[in-house]
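> Take a look at the following structure, please.
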Amino acid sequence: MKQNNSKLYKVLLVIIILIPLNIFVGSNHYLLGKLIAGALSLSLVIAVYWFIKAIASKNKKSDNNIPYLTKEKEEHYADFGMNDQEIAFFRDTMAQAKKNIATLEENMNQVAKLKAINLRYDTLKATKAMFKEIVKEPNKLHQSDQFLYNHLPNLVELTNKYVEINNHELKNKNTFEVLNQSAVAIEEVSQLIVNDYSDFVKDDLEDLDLEISIAKQNINREKELEEYKQQKEQI
């Protein structure tokens with residue numbers, strides 16, 4: 001969007017320069033005036049093109065429900081060395097993920113069986129936690145490929161089908177078999193998403209374990225030093 005606007009502004013600047021130049025030169029030099037008029041016409045066409053493209057880009061982002069890029073978020077992405085294209089790709093990807101999570105939550109809350117699966121595996125809790133972690137560390141987007149492009153979309157599709165079939169007014173033996181098979185698949189993908197989250201935060205947990213270990217060592221050393229001082233005072 002910023003790139004489109006930048007190009008549009010440059011074209012408008014050229015038009016602003018060409019208009020008075022065309023008026024001044026055209027009255028004195030016929031051929032030169034014609035050339036400038038042609039350049040002006042071409043610039044107007046280009047300006048219209050970039051204007052339409054900028055509006056289309058804005059509408060596209062609006063359709064994806066991408067929130068406004070605040071100064072804080074822009075600085076957050078900049079801290080990870082992301083350029084405009086990477087930021088746009090990341091925000092578009094996460095907007096789609098947010099939409100999928102909203103659909104998944106709606107599906108999970110519609111049917112008792114899906115509610116039970118959610119309680120058993122903490123499916124929604126895991127998806128939302130995964131989303132927050134990715135937003136917190138956008139440079140690790142590549143580590144969440146399976147979650148974003150495979151497991152989450154598949155789970156949304158499975159629950160969509162489950163809700164659709166479950167809402168059939170008439171059900172037979174085959175219907176219940178399909179529902180049972182779908183429920184098993186939903187459980188399996190739910191477990192995969194929980195695993196995705198565990199793998200994504202594994203490094204953080206390892207760092208925390210290391211910090212706890214170091215803290216315990218420091219505490220033990222302080223205790224040993226204190227005991228040594230007490231023993232020395234008793235001598």
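Residues in the structure tokens are numbered from 1 in each chain, the chains being A, B, ... in the order shown, and ligands are numbered from 1 in the order shown.
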Set the distance at 7 Å and use only C-alpha atoms: which residues neighbour A:Leu148 once local chain neighbours fewer than 4 positions away are removed? I'd like the list as a list of chain:residue names.

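Contacts, in chain order: A:Ala97, A:Ser144, A:Leu152.
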
> One number please: atom CA of A:Asp196 to atom CA of A:Val178, in Å, one decimal.

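Computing the Euclidean distance for atom CA of A:Asp196 and atom CA of A:Val178 yields 26.8 Å.
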
> I'd like to know which residues of stretch 63-202 of chain A are alpha helix (DSSP H) (by DSSP, run on the backbone); could you write them as a count of residues only?

105

> Which residues of stretch 141-203 of chain A have any atom within 12 Å of an atom in stretch 124-134 of chain A when counting only C-alpha atoms, and what is the closest pair of atoms for each, with the distance in Å to one decimal? Order the rows by chain and rising number and write it as CSV.


```
residue,atom,partner,partner_atom,distance
A:Leu141,CA,A:Ile134,CA,6.3
A:His142,CA,A:Ile134,CA,9.7
A:Gln143,CA,A:Ile134,CA,9.1
A:Ser144,CA,A:Ile134,CA,7.7
A:Asp145,CA,A:Ile134,CA,10.8
A:Gln146,CA,A:Met130,CA,11.8
A:Phe147,CA,A:Met130,CA,8.5
A:Leu148,CA,A:Phe131,CA,9.1
A:His151,CA,A:Thr127,CA,10.1
A:Leu152,CA,A:Thr127,CA,7.9
A:Pro153,CA,A:Thr127,CA,11.3
A:Leu155,CA,A:Thr127,CA,10.7
A:Val156,CA,A:Leu124,CA,11.3
A:Val189,CA,A:Thr127,CA,11.4
A:Ser190,CA,A:Ala126,CA,8.7
A:Gln191,CA,A:Ala126,CA,9.6
A:Leu192,CA,A:Ala126,CA,10.2
A:Ile193,CA,A:Ala126,CA,6.8
A:Val194,CA,A:Ala126,CA,5.7
A:Asn195,CA,A:Ala126,CA,9.1
A:Asp196,CA,A:Met130,CA,7.9
A:Tyr197,CA,A:Met130,CA,5.5
A:Ser198,CA,A:Met130,CA,9.0
A:Asp199,CA,A:Met130,CA,10.2
A:Phe200,CA,A:Met130,CA,7.8
A:Val201,CA,A:Glu133,CA,7.9
A:Lys202,CA,A:Glu133,CA,11.6
```

> Using only C-alpha atoms, determine which residues lie at most 12 Å from A:His76, disregarding the query and same-chain residues fewer than 5 positions distant; provide the list as a PyMOL selection string.

chain A and resi 69-71+81-83+87+135-139

> Interatomic distance between atom CA of A:Met94 and atom CA of A:Ala112?

28.7 Å

> Between atom CA of A:Pro67 and atom CA of A:Ala102, what is the spacing in Å?

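Here the two named atoms are 15.3 Å from each other.
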
> Mind checking which residues fall within 12 Å of A:Lys115, counting only C-alpha atoms, ignoring those fewer than 4 positions away in the same chain, and posting them as a ChimeraX atom specification?

/A:104-111,119-124,159,163,183,186-187

> Export, as a PDB file, in the first residue's frame, the selected residues with N, CA, C and O atoms.


```
ATOM      1  N   LEU A 104     -12.973 -21.734  13.813  1.00  0.00           N
ATOM      2  CA  LEU A 104     -12.793 -22.937  14.616  1.00  0.00           C
ATOM      3  C   LEU A 104     -13.509 -22.820  15.962  1.00  0.00           C
ATOM      4  O   LEU A 104     -14.182 -23.762  16.407  1.00  0.00           O
ATOM      5  N   GLU A 105     -13.384 -21.663  16.593  1.00  0.00           N
ATOM      6  CA  GLU A 105     -14.046 -21.446  17.888  1.00  0.00           C
ATOM      7  C   GLU A 105     -15.564 -21.530  17.741  1.00  0.00           C
ATOM      8  O   GLU A 105     -16.246 -22.126  18.584  1.00  0.00           O
ATOM      9  N   GLU A 106     -16.079 -20.947  16.683  1.00  0.00           N
ATOM     10  CA  GLU A 106     -17.525 -21.005  16.438  1.00  0.00           C
ATOM     11  C   GLU A 106     -17.988 -22.450  16.237  1.00  0.00           C
ATOM     12  O   GLU A 106     -19.012 -22.863  16.794  1.00  0.00           O
ATOM     13  N   ASN A 107     -17.215 -23.218  15.475  1.00  0.00           N
ATOM     14  CA  ASN A 107     -17.568 -24.613  15.237  1.00  0.00           C
ATOM     15  C   ASN A 107     -17.501 -25.442  16.513  1.00  0.00           C
ATOM     16  O   ASN A 107     -18.394 -26.253  16.793  1.00  0.00           O
ATOM     17  N   MET A 108     -16.434 -25.241  17.271  1.00  0.00           N
ATOM     18  CA  MET A 108     -16.236 -26.023  18.496  1.00  0.00           C
ATOM     19  C   MET A 108     -17.353 -25.798  19.516  1.00  0.00           C
ATOM     20  O   MET A 108     -17.673 -26.689  20.302  1.00  0.00           O
ATOM     21  N   ASN A 109     -17.929 -24.619  19.507  1.00  0.00           N
ATOM     22  CA  ASN A 109     -18.964 -24.286  20.485  1.00  0.00           C
ATOM     23  C   ASN A 109     -20.373 -24.662  20.021  1.00  0.00           C
ATOM     24  O   ASN A 109     -21.337 -24.460  20.763  1.00  0.00           O
ATOM     25  N   GLN A 110     -20.482 -25.213  18.822  1.00  0.00           N
ATOM     26  CA  GLN A 110     -21.806 -25.535  18.287  1.00  0.00           C
ATOM     27  C   GLN A 110     -22.272 -26.942  18.629  1.00  0.00           C
ATOM     28  O   GLN A 110     -23.475 -27.191  18.729  1.00  0.00           O
ATOM     29  N   VAL A 111     -21.328 -27.863  18.790  1.00  0.00           N
ATOM     30  CA  VAL A 111     -21.665 -29.278  18.951  1.00  0.00           C
ATOM     31  C   VAL A 111     -21.043 -29.824  20.238  1.00  0.00           C
ATOM     32  O   VAL A 111     -19.878 -29.547  20.535  1.00  0.00           O
ATOM     33  N   LEU A 119     -12.205 -29.553  25.240  1.00  0.00           N
ATOM     34  CA  LEU A 119     -11.868 -29.656  26.663  1.00  0.00           C
ATOM     35  C   LEU A 119     -10.753 -30.675  26.891  1.00  0.00           C
ATOM     36  O   LEU A 119      -9.883 -30.481  27.743  1.00  0.00           O
ATOM     37  N   ARG A 120     -10.779 -31.749  26.115  1.00  0.00           N
ATOM     38  CA  ARG A 120      -9.788 -32.821  26.294  1.00  0.00           C
ATOM     39  C   ARG A 120      -8.409 -32.398  25.827  1.00  0.00           C
ATOM     40  O   ARG A 120      -7.397 -32.723  26.462  1.00  0.00           O
ATOM     41  N   TYR A 121      -8.351 -31.675  24.717  1.00  0.00           N
ATOM     42  CA  TYR A 121      -7.050 -31.336  24.126  1.00  0.00           C
ATOM     43  C   TYR A 121      -6.675 -29.860  24.274  1.00  0.00           C
ATOM     44  O   TYR A 121      -5.576 -29.472  23.860  1.00  0.00           O
ATOM     45  N   ASP A 122      -7.582 -29.040  24.831  1.00  0.00           N
ATOM     46  CA  ASP A 122      -7.322 -27.588  24.904  1.00  0.00           C
ATOM     47  C   ASP A 122      -7.013 -27.036  23.511  1.00  0.00           C
ATOM     48  O   ASP A 122      -6.094 -26.238  23.321  1.00  0.00           O
ATOM     49  N   THR A 123      -7.807 -27.464  22.544  1.00  0.00           N
ATOM     50  CA  THR A 123      -7.548 -27.122  21.141  1.00  0.00           C
ATOM     51  C   THR A 123      -7.535 -25.618  20.910  1.00  0.00           C
ATOM     52  O   THR A 123      -6.594 -25.071  20.327  1.00  0.00           O
ATOM     53  N   LEU A 124      -8.600 -24.950  21.343  1.00  0.00           N
ATOM     54  CA  LEU A 124      -8.686 -23.504  21.127  1.00  0.00           C
ATOM     55  C   LEU A 124      -7.614 -22.760  21.908  1.00  0.00           C
ATOM     56  O   LEU A 124      -7.018 -21.801  21.411  1.00  0.00           O
ATOM     57  N   THR A 159     -13.931 -29.500  11.057  1.00  0.00           N
ATOM     58  CA  THR A 159     -15.026 -29.090  11.940  1.00  0.00           C
ATOM     59  C   THR A 159     -16.180 -28.492  11.147  1.00  0.00           C
ATOM     60  O   THR A 159     -17.347 -28.631  11.540  1.00  0.00           O
ATOM     61  N   VAL A 163     -19.872 -30.106  11.600  1.00  0.00           N
ATOM     62  CA  VAL A 163     -21.055 -29.321  11.960  1.00  0.00           C
ATOM     63  C   VAL A 163     -22.131 -29.452  10.890  1.00  0.00           C
ATOM     64  O   VAL A 163     -23.320 -29.601  11.198  1.00  0.00           O
ATOM     65  N   ALA A 183     -14.675 -37.222  14.022  1.00  0.00           N
ATOM     66  CA  ALA A 183     -14.291 -36.875  15.391  1.00  0.00           C
ATOM     67  C   ALA A 183     -12.886 -37.380  15.706  1.00  0.00           C
ATOM     68  O   ALA A 183     -12.079 -36.685  16.344  1.00  0.00           O
ATOM     69  N   ILE A 186     -10.449 -35.146  13.949  1.00  0.00           N
ATOM     70  CA  ILE A 186     -10.373 -33.857  14.644  1.00  0.00           C
ATOM     71  C   ILE A 186      -9.510 -33.976  15.896  1.00  0.00           C
ATOM     72  O   ILE A 186      -8.708 -33.086  16.205  1.00  0.00           O
ATOM     73  N   GLU A 187      -9.646 -35.090  16.609  1.00  0.00           N
ATOM     74  CA  GLU A 187      -8.812 -35.318  17.794  1.00  0.00           C
ATOM     75  C   GLU A 187      -7.335 -35.413  17.411  1.00  0.00           C
ATOM     76  O   GLU A 187      -6.464 -34.857  18.096  1.00  0.00           O
TER      77      GLU A 187
END
```
